[in-house]
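The next block is start.txt, given as compact mmCIF, C-alpha atoms.
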# COMPACT_ATOMS: atom_id res chain seq x y z
CA MET A 1 -19.40 85.71 -134.99
CA PRO A 2 -19.85 83.76 -131.74
CA SER A 3 -16.80 84.01 -129.53
CA ALA A 4 -17.26 80.61 -127.89
CA ARG A 5 -16.94 77.97 -130.55
CA THR A 6 -20.22 76.18 -131.27
CA GLN A 7 -19.69 72.85 -132.99
CA ARG A 8 -21.61 72.71 -136.23
CA ARG A 9 -22.03 70.16 -139.00
CA LEU A 10 -23.80 69.98 -142.33
CA ALA A 11 -26.23 67.09 -142.11
CA ALA A 12 -29.13 65.54 -143.96
CA ILE A 13 -31.74 64.92 -141.29
CA LEU A 14 -34.51 62.39 -141.69
CA ALA A 15 -37.47 62.45 -139.31
CA ALA A 16 -39.84 59.50 -139.40
CA ASP A 17 -42.84 58.29 -137.46
CA VAL A 18 -45.65 55.77 -137.63
CA VAL A 19 -48.93 57.09 -139.01
CA GLY A 20 -51.80 56.64 -136.55
CA TYR A 21 -49.58 54.91 -134.03
CA SER A 22 -51.90 55.37 -131.05
CA SER A 23 -54.86 53.82 -132.92
CA LEU A 24 -52.70 50.83 -133.88
CA VAL A 25 -51.58 50.39 -130.31
CA GLU A 26 -55.12 50.77 -129.03
CA ARG A 27 -56.30 48.10 -131.46
CA ASP A 28 -53.54 45.62 -130.60
CA GLU A 29 -50.55 46.78 -128.59
CA GLU A 30 -48.58 43.57 -128.63
CA ALA A 31 -48.97 42.94 -132.36
CA THR A 32 -48.02 46.54 -133.15
CA LEU A 33 -44.87 46.45 -131.05
CA PHE A 34 -43.95 43.09 -132.53
CA SER A 35 -44.47 44.29 -136.12
CA LEU A 36 -42.46 47.41 -135.51
CA ARG A 37 -39.60 45.47 -133.95
CA ASP A 38 -39.68 43.02 -136.83
CA LEU A 39 -39.65 45.80 -139.45
CA ARG A 40 -36.74 47.51 -137.75
CA ARG A 41 -34.67 44.36 -137.57
CA GLU A 42 -35.48 42.97 -141.01
CA VAL A 43 -35.95 46.08 -143.14
CA ILE A 44 -35.13 49.42 -141.57
CA ASP A 45 -31.87 48.85 -139.67
CA PRO A 46 -30.13 47.01 -142.55
CA LEU A 47 -31.09 49.83 -144.96
CA LEU A 48 -29.89 52.50 -142.52
CA ALA A 49 -26.59 50.65 -142.22
CA GLN A 50 -26.29 50.36 -146.01
CA HIS A 51 -26.77 54.13 -146.41
CA GLU A 52 -24.71 55.00 -143.33
CA GLY A 53 -27.61 56.56 -141.48
CA ARG A 54 -26.99 57.21 -137.79
CA ILE A 55 -29.96 57.09 -135.42
CA VAL A 56 -29.72 60.34 -133.46
CA LYS A 57 -32.66 59.49 -131.24
CA LEU A 58 -35.77 57.38 -130.99
CA MET A 59 -38.88 59.12 -129.71
CA GLY A 60 -41.84 56.82 -129.04
CA ASP A 61 -42.96 55.79 -132.51
CA GLY A 62 -40.56 58.21 -134.22
CA ALA A 63 -36.91 58.49 -135.05
CA LEU A 64 -34.40 61.11 -136.09
CA VAL A 65 -31.65 59.86 -138.38
CA GLU A 66 -28.56 61.70 -139.61
CA PHE A 67 -26.89 61.14 -142.98
CA ALA A 68 -23.69 62.70 -144.32
CA SER A 69 -25.35 63.12 -147.73
CA VAL A 70 -28.80 64.25 -148.90
CA VAL A 71 -28.58 61.81 -151.79
CA ASP A 72 -28.06 58.94 -149.34
CA ALA A 73 -30.83 60.16 -147.03
CA VAL A 74 -33.42 60.27 -149.83
CA ALA A 75 -32.31 56.98 -151.38
CA CYS A 76 -32.53 55.35 -147.96
CA ALA A 77 -35.96 56.83 -147.20
CA LEU A 78 -37.35 55.48 -150.48
CA SER A 79 -35.87 52.04 -149.88
CA VAL A 80 -37.30 51.92 -146.38
CA GLN A 81 -40.78 52.96 -147.56
CA ALA A 82 -40.69 50.36 -150.34
CA GLY A 83 -39.31 47.66 -148.04
CA VAL A 84 -41.83 48.33 -145.28
CA ALA A 85 -44.71 48.22 -147.80
CA ALA A 86 -43.46 45.07 -149.52
CA ARG A 87 -43.05 43.20 -146.24
CA GLN A 88 -46.66 43.94 -145.24
CA GLU A 89 -48.41 43.12 -148.51
CA LYS A 90 -50.31 40.29 -146.86
CA VAL A 91 -51.05 42.15 -143.65
CA PRO A 92 -54.66 43.43 -143.39
CA ALA A 93 -54.73 47.18 -144.05
CA GLU A 94 -55.89 48.06 -140.54
CA HIS A 95 -52.87 46.36 -139.00
CA ARG A 96 -50.21 47.72 -141.33
CA ILE A 97 -47.36 49.90 -140.06
CA VAL A 98 -47.13 52.93 -142.34
CA LEU A 99 -44.34 55.48 -142.01
CA ARG A 100 -44.17 59.09 -143.04
CA MET A 101 -40.87 60.88 -143.46
CA GLY A 102 -39.40 64.34 -143.73
CA ILE A 103 -35.88 65.20 -144.88
CA ASN A 104 -34.03 68.49 -144.51
CA LEU A 105 -30.48 69.70 -144.98
CA GLY A 106 -29.13 71.82 -142.15
CA ASP A 107 -26.00 73.40 -140.75
CA VAL A 108 -26.86 72.07 -137.32
CA VAL A 109 -25.40 72.44 -133.87
CA VAL A 110 -23.77 69.28 -132.56
CA GLU A 111 -24.04 68.52 -128.85
CA GLY A 112 -22.45 65.17 -128.16
CA GLU A 113 -24.59 62.62 -130.00
CA ASP A 114 -27.48 65.06 -130.38
CA LEU A 115 -28.25 67.55 -133.14
CA LEU A 116 -30.00 70.84 -132.43
CA GLY A 117 -31.40 73.81 -134.31
CA ASP A 118 -33.78 74.89 -137.05
CA GLY A 119 -32.47 72.19 -139.36
CA VAL A 120 -33.89 69.51 -137.07
CA ASN A 121 -37.19 71.29 -136.43
CA ILE A 122 -37.84 71.67 -140.14
CA ALA A 123 -37.25 67.93 -140.73
CA ALA A 124 -39.76 67.11 -137.99
CA ARG A 125 -42.31 69.49 -139.48
CA LEU A 126 -41.87 68.01 -142.97
CA GLU A 127 -42.50 64.57 -141.50
CA GLN A 128 -45.81 65.78 -140.04
CA LEU A 129 -46.81 67.19 -143.42
CA SER A 130 -45.82 64.07 -145.35
CA GLU A 131 -48.40 61.68 -146.80
CA PRO A 132 -48.67 58.21 -145.25
CA GLY A 133 -46.00 56.10 -146.92
CA GLY A 134 -44.44 59.23 -148.38
CA VAL A 135 -41.27 61.30 -148.17
CA LEU A 136 -41.40 65.09 -148.09
CA ILE A 137 -38.19 67.11 -148.44
CA SER A 138 -37.24 70.76 -148.10
CA GLY A 139 -36.15 73.06 -150.92
CA THR A 140 -32.56 73.12 -149.74
CA ALA A 141 -32.44 69.31 -149.80
CA PHE A 142 -34.05 69.35 -153.26
CA ASP A 143 -31.34 71.74 -154.49
CA HIS A 144 -28.72 69.07 -153.87
CA LEU A 145 -30.49 66.17 -155.58
CA GLN A 146 -30.59 67.60 -159.10
CA GLY A 147 -28.92 65.17 -161.46
CA LYS A 148 -27.78 62.97 -158.57
CA LEU A 149 -30.82 60.77 -157.95
CA ASN A 150 -33.08 59.49 -160.69
CA VAL A 151 -36.42 59.87 -158.94
CA PRO A 152 -39.38 62.19 -159.59
CA LEU A 153 -39.55 65.24 -157.32
CA THR A 154 -42.77 67.26 -157.26
CA PHE A 155 -43.12 70.74 -155.79
CA ALA A 156 -45.62 70.52 -152.94
CA GLY A 157 -45.96 74.18 -151.95
CA GLU A 158 -44.41 76.47 -149.41
CA GLN A 159 -45.05 75.83 -145.75
CA HIS A 160 -44.68 78.05 -142.74
CA VAL A 161 -42.82 76.37 -139.92
CA LYS A 162 -43.11 77.55 -136.32
CA ASN A 163 -40.28 79.92 -135.36
CA ILE A 164 -38.87 79.91 -138.90
CA GLU A 165 -39.25 83.28 -140.57
CA ARG A 166 -39.01 82.33 -144.23
CA PRO A 167 -41.48 79.83 -145.72
CA VAL A 168 -39.99 76.41 -146.47
CA ARG A 169 -40.31 75.05 -150.00
CA THR A 170 -41.43 71.43 -149.98
CA TYR A 171 -41.07 68.64 -152.56
CA ARG A 172 -42.68 65.22 -152.65
CA VAL A 173 -40.29 62.39 -153.54
CA GLY A 174 -41.37 59.60 -155.92
CA SER A 175 -44.29 59.44 -158.29
CA PRO A 176 -47.71 59.06 -156.61
CA GLY A 177 -48.52 56.07 -158.84
CA ARG A 178 -45.50 54.20 -157.52
CA MET A 179 -46.17 55.15 -153.89
CA PRO A 180 -45.76 52.26 -151.49
CA LEU A 181 -48.98 50.65 -150.31
CA HIS A 182 -50.58 52.25 -147.34
CA ASN A 183 -53.64 51.62 -145.28
CA GLY A 184 -55.44 54.85 -145.95
CA ARG A 185 -55.06 56.22 -142.46
CA SER A 186 -54.65 59.94 -142.66
CA SER A 187 -52.12 62.02 -140.80
CA PRO A 188 -53.38 63.44 -137.50
CA MET B 1 -30.16 55.20 -157.92
CA PRO B 2 -26.63 54.03 -158.60
CA SER B 3 -26.13 50.35 -157.83
CA ALA B 4 -22.47 50.65 -156.81
CA ARG B 5 -22.30 52.78 -153.71
CA THR B 6 -20.67 56.17 -154.32
CA GLN B 7 -19.41 57.74 -151.13
CA ARG B 8 -20.89 61.18 -150.69
CA ARG B 9 -20.64 63.89 -148.08
CA LEU B 10 -22.16 67.29 -147.48
CA ALA B 11 -19.32 69.77 -147.35
CA ALA B 12 -18.66 73.48 -147.33
CA ILE B 13 -15.91 73.95 -149.89
CA LEU B 14 -13.63 76.97 -149.89
CA ALA B 15 -11.49 77.68 -152.94
CA ALA B 16 -8.80 80.34 -152.59
CA ASP B 17 -5.98 81.70 -154.66
CA VAL B 18 -3.56 84.60 -154.81
CA VAL B 19 -4.65 87.51 -157.03
CA GLY B 20 -2.10 88.26 -159.74
CA TYR B 21 0.25 85.56 -158.50
CA SER B 22 2.31 85.33 -161.68
CA SER B 23 2.98 89.10 -161.70
CA LEU B 24 4.08 88.94 -158.07
CA VAL B 25 6.42 86.06 -158.81
CA GLU B 26 7.76 87.77 -161.90
CA ARG B 27 8.48 90.90 -159.85
CA ASP B 28 10.21 89.02 -157.01
CA GLU B 29 9.93 85.28 -156.81
CA GLU B 30 11.82 84.74 -153.59
CA ALA B 31 10.03 87.49 -151.65
CA THR B 32 6.64 86.23 -152.85
CA LEU B 33 7.30 82.66 -151.84
CA PHE B 34 8.64 83.82 -148.50
CA SER B 35 5.62 86.07 -147.82
CA LEU B 36 3.22 83.32 -148.74
CA ARG B 37 4.97 80.80 -146.51
CA ASP B 38 4.99 83.32 -143.68
CA LEU B 39 1.26 84.09 -144.10
CA ARG B 40 0.41 80.42 -144.12
CA ARG B 41 2.36 79.66 -140.99
CA GLU B 42 1.41 82.76 -139.00
CA VAL B 43 -2.12 83.52 -140.16
CA ILE B 44 -3.81 81.00 -142.43
CA ASP B 45 -2.95 77.61 -140.95
CA PRO B 46 -3.81 78.58 -137.34
CA LEU B 47 -7.18 79.96 -138.51
CA LEU B 48 -7.91 76.83 -140.55
CA ALA B 49 -7.13 74.72 -137.49
CA GLN B 50 -9.36 76.88 -135.31
CA HIS B 51 -12.30 76.43 -137.69
CA GLU B 52 -11.49 72.78 -138.42
CA GLY B 53 -10.81 73.35 -142.10
CA ARG B 54 -9.12 70.48 -143.89
CA ILE B 55 -6.84 71.26 -146.84
CA VAL B 56 -8.07 68.96 -149.60
CA LYS B 57 -5.34 70.02 -152.01
CA LEU B 58 -2.89 72.78 -152.78
CA MET B 59 -2.63 73.81 -156.42
CA GLY B 60 0.17 76.26 -157.19
CA ASP B 61 -1.00 79.50 -155.60
CA GLY B 62 -4.42 78.08 -154.74
CA ALA B 63 -6.02 75.80 -152.21
CA LEU B 64 -9.18 73.83 -151.75
CA VAL B 65 -10.35 73.54 -148.15
CA GLU B 66 -13.21 71.48 -146.73
CA PHE B 67 -15.30 72.46 -143.71
CA ALA B 68 -18.05 70.46 -142.01
CA SER B 69 -20.13 73.64 -141.65
CA VAL B 70 -20.88 76.59 -143.95
CA VAL B 71 -20.94 78.89 -140.93
CA ASP B 72 -17.40 77.82 -140.04
CA ALA B 73 -16.20 78.12 -143.62
CA VAL B 74 -17.43 81.71 -143.97
CA ALA B 75 -16.23 82.77 -140.52
CA CYS B 76 -12.81 81.31 -141.31
CA ALA B 77 -12.63 82.97 -144.74
CA LEU B 78 -13.37 86.38 -143.21
CA SER B 79 -10.79 85.88 -140.46
CA VAL B 80 -8.16 84.86 -142.99
CA GLN B 81 -8.85 87.84 -145.25
CA ALA B 82 -8.72 90.22 -142.27
CA GLY B 83 -5.58 88.56 -140.86
CA VAL B 84 -3.76 88.56 -144.20
CA ALA B 85 -4.59 92.25 -144.73
CA ALA B 86 -3.62 93.27 -141.19
CA ARG B 87 -0.28 91.49 -141.38
CA GLN B 88 0.64 93.34 -144.59
CA GLU B 89 -0.41 96.86 -143.60
CA LYS B 90 3.16 98.07 -143.88
CA VAL B 91 4.00 96.13 -147.03
CA PRO B 92 4.02 98.29 -150.20
CA ALA B 93 0.85 97.67 -152.21
CA GLU B 94 2.67 96.16 -155.16
CA HIS B 95 4.22 93.46 -152.98
CA ARG B 96 1.12 92.52 -151.01
CA ILE B 97 -0.35 89.02 -151.16
CA VAL B 98 -4.08 89.37 -151.74
CA LEU B 99 -6.41 86.40 -151.71
CA ARG B 100 -9.78 85.89 -153.31
CA MET B 101 -12.13 83.19 -152.10
CA GLY B 102 -15.23 81.29 -153.16
CA ILE B 103 -17.41 79.14 -150.92
CA ASN B 104 -20.03 76.60 -151.95
CA LEU B 105 -22.07 73.94 -150.22
CA GLY B 106 -22.18 70.61 -152.03
CA ASP B 107 -23.21 66.99 -151.70
CA VAL B 108 -19.86 65.93 -153.10
CA VAL B 109 -18.31 62.62 -154.06
CA VAL B 110 -15.53 61.50 -151.75
CA GLU B 111 -12.58 59.65 -153.24
CA GLY B 112 -10.04 59.01 -150.54
CA GLU B 113 -8.80 62.43 -149.44
CA ASP B 114 -10.16 64.11 -152.56
CA LEU B 115 -13.56 65.67 -153.22
CA LEU B 116 -15.14 65.61 -156.68
CA GLY B 117 -18.19 66.95 -158.44
CA ASP B 118 -20.16 70.08 -159.27
CA GLY B 119 -19.90 71.28 -155.69
CA VAL B 120 -16.13 71.69 -156.06
CA ASN B 121 -16.27 73.23 -159.55
CA ILE B 122 -18.75 75.86 -158.39
CA ALA B 123 -16.49 76.84 -155.45
CA ALA B 124 -13.56 77.27 -157.85
CA ARG B 125 -15.68 79.38 -160.20
CA LEU B 126 -16.86 81.61 -157.32
CA GLU B 127 -13.24 82.16 -156.33
CA GLN B 128 -12.46 83.38 -159.87
CA LEU B 129 -15.40 85.78 -159.71
CA SER B 130 -14.52 87.10 -156.25
CA GLU B 131 -13.07 90.57 -155.73
CA PRO B 132 -9.46 90.80 -154.53
CA GLY B 133 -9.58 90.45 -150.75
CA GLY B 134 -13.18 89.30 -150.97
CA VAL B 135 -15.32 86.24 -150.34
CA LEU B 136 -18.06 85.22 -152.78
CA ILE B 137 -20.50 82.47 -151.81
CA SER B 138 -23.23 80.53 -153.60
CA GLY B 139 -26.95 80.80 -152.96
CA THR B 140 -27.11 77.41 -151.30
CA ALA B 141 -24.34 78.43 -148.87
CA PHE B 142 -26.17 81.71 -148.25
CA ASP B 143 -29.37 79.78 -147.42
CA HIS B 144 -27.60 78.22 -144.43
CA LEU B 145 -26.12 81.39 -142.94
CA GLN B 146 -29.36 83.19 -142.16
CA GLY B 147 -29.44 84.08 -138.50
CA LYS B 148 -26.26 82.11 -137.85
CA LEU B 149 -23.53 84.60 -138.72
CA ASN B 150 -23.78 88.31 -138.05
CA VAL B 151 -22.18 89.60 -141.23
CA PRO B 152 -23.59 91.54 -144.21
CA LEU B 153 -24.40 89.42 -147.25
CA THR B 154 -25.10 91.19 -150.53
CA PHE B 155 -26.68 89.57 -153.58
CA ALA B 156 -24.13 89.75 -156.41
CA GLY B 157 -26.16 88.38 -159.32
CA GLU B 158 -26.62 85.02 -160.97
CA GLN B 159 -23.70 83.46 -162.76
CA HIS B 160 -23.52 80.72 -165.32
CA VAL B 161 -20.94 78.10 -164.49
CA LYS B 162 -19.49 75.79 -167.13
CA ASN B 163 -21.28 72.43 -167.26
CA ILE B 164 -23.85 73.55 -164.66
CA GLU B 165 -27.30 73.88 -166.13
CA ARG B 166 -28.95 76.22 -163.65
CA PRO B 167 -27.46 79.65 -162.94
CA VAL B 168 -25.75 79.97 -159.57
CA ARG B 169 -26.88 82.75 -157.23
CA THR B 170 -23.91 84.60 -155.74
CA TYR B 171 -23.56 86.68 -152.58
CA ARG B 172 -20.70 88.90 -151.45
CA VAL B 173 -19.72 88.47 -147.79
CA GLY B 174 -18.91 91.50 -145.64
CA SER B 175 -19.61 95.16 -146.23
CA PRO B 176 -17.50 96.78 -148.99
CA GLY B 177 -16.49 99.58 -146.59
CA ARG B 178 -14.96 97.07 -144.23
CA MET B 179 -13.27 95.09 -146.97
CA PRO B 180 -9.72 94.14 -146.07
CA LEU B 181 -7.01 96.24 -147.67
CA HIS B 182 -6.01 95.16 -151.09
CA ASN B 183 -3.52 96.34 -153.63
CA GLY B 184 -5.94 97.17 -156.38
CA ARG B 185 -4.83 94.41 -158.70
CA SER B 186 -7.81 93.20 -160.64
CA SER B 187 -8.76 89.61 -161.27
CA PRO B 188 -7.47 88.18 -164.54

Show how you would write the structure in this file as structure tokens.
Amino acid sequence: MPSARTQRRLAAILAADVVGYSSLVERDEEATLFSLRDLRREVIDPLLAQHEGRIVKLMGDGALVEFASVVDAVACALSVQAGVAARQEKVPAEHRIVLRMGINLGDVVVEGEDLLGDGVNIAARLEQLSEPGGVLISGTAFDHLQGKLNVPLTFAGEQHVKNIERPVRTYRVGSPGRMPLHNGRSSP
Amino acid sequence: MPSARTQRRLAAILAADVVGYSSLVERDEEATLFSLRDLRREVIDPLLAQHEGRIVKLMGDGALVEFASVVDAVACALSVQAGVAARQEKVPAEHRIVLRMGINLGDVVVEGEDLLGDGVNIAARLEQLSEPGGVLISGTAFDHLQGKLNVPLTFAGEQHVKNIERPVRTYRVGSPGRMPLHNGRSSP
């Protein structure tokens, strides 16, 4: 047991970023920044507020959001993906903002407003592995959704994450047929 | 997804009770109540405060305590068991207060000060299955201790819990050789 008391907290951590952000910016920086700002204000921020998500940090085109509940985190992620897709139905595919998201449950170290530890790293890695427009969650997050959220969850294999000894089980949220529209850009 | 917003929170839930409480009370009610009050004031409450455990409710000889972190919950449970045993070294075995504890991690429903749901029921069931003086935790709690708490964890089988479809993995905390003293009373 550590003698100095480390502050810890169970948290559902959502990592999100924009697929192919640098290409979008290269194509039209101003339009991209405007679209992103518009989506945040009109779609993302209100949904985060509704599900009591707290933005831990913004990193370029990405964000780390903390929720007190896994159920809330996943429900929020799905609403954001659906809302972002719906708002851009009339936007040409090559200009669309498409998000990918990863969600993990962790007993994380709290340092002021920041969260640290494996729990955060795994969420970020899940985000990178997620499909454009999709939400990928860890096995431990999955374990706490059973019977609590009426949404299809599909096993998506085990993944090795840097510096994490045991492989991480991954699950795709939502049925592929009902996946929000995306512009076909693949993850880097 | 539920339309009315249910408030949820990830919590480490510790359920504890006194082994063979009714026999103790039958033998000597006043001494039992006095010992219990003394243990709470001198050992248990200070350790709960140190680990930021919140007493959700007291039920006869039992208690339900909420922690923000599984690591804290388990560290606290071990400290309490060791403290309770140490304080009663000179008490005759048949008069000793011996606790058993169960710890689970759940995405539980919050209703005012109370916590509801499977997550709580599983903690209570683990407590009933725990050895006198011991701490039994669920698989999902175990998953969040790896590398975070330097204490032996031994797989103790899968258990079926009433109204829970999937079996619950259980793990015993601490090495049996270092188990706090107990008076040999068995669980009912």

Task: Distance-based interface of chain A with chain B, 7 Å, counting only C-alpha atoms, as a list of chain:residue names - done: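 The contacting residues on chain A are A:Met1, A:Arg8, A:Arg9, A:Leu10, A:Ala11, A:Ala68, A:Ser69, A:Val70, A:Gly106, A:Asp107, A:His144, A:Leu149, A:Asn150.
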
TODO: Would you mind reading off the distance between atom CA of Ile13 of chain A and atom CA of Ala49 of chain A, one decimal, in Å?
DONE: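 Going from atom CA of Ile13 of chain A over to atom CA of Ala49 of chain A, I get 15.2 Å.
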
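For the residues A:Arg172, A:Pro167, A:Asp28, A:Asp118, ranking by smallest atom-to-atom distance to Ser130 of chain A using only C-alpha atoms places A:Arg172 first.
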
Open item on the list: Taking (-43.1, 57.3, -131.4) in the coordinates of the supplied file, I want to know which residues reach to within 12 Å of it, counting all atoms listed in the file; could you give the answer as a ChimeraX atom specification?
Closed with: /A:15-22,24-25,32-33,36,57-64,99-100

Task: Interatomic distance, atom CA of Ile103 of chain B to atom CA of Thr154 of chain B (Å, one decimal) - done: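 That distance, rounded to one decimal, is 14.3 Å.
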
Task: Separation of atom CA of Leu115 of chain B from atom CA of Phe34 of chain B in Å - done: 29.1 Å

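The nearest approach to Ala124 of chain B among the residues B:Gly102, B:Gly139, B:Gly112, B:Gly157, with only C-alpha atoms taken into account, belongs to B:Gly102.
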
Centre and edge lengths of an axis-aligned box around all listed atoms of segment 149-165 of chain A, with 4 Å added on each side, are to be given in Å to one decimal, as JSON.
{"center_x": -38.4, "center_y": 71.4, "center_z": -148.0, "size_x": 23.1, "size_y": 31.8, "size_z": 33.3}

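Comparing A:Ile164, A:Ile97, A:Ile122, A:Ala156 by their smallest distance to Ser23 of chain A, the closest is A:Ile97 (using all atoms listed in the file).
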
TODO: Rank B:Leu116, B:Val74, B:Leu39, B:Leu47 by their smallest atom-to-atom distance to Leu14 of chain B, using only C-alpha atoms, and report the top residue only.
DONE: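 When distances to Leu14 of chain B are compared using only C-alpha atoms, the smallest one comes from B:Val74.
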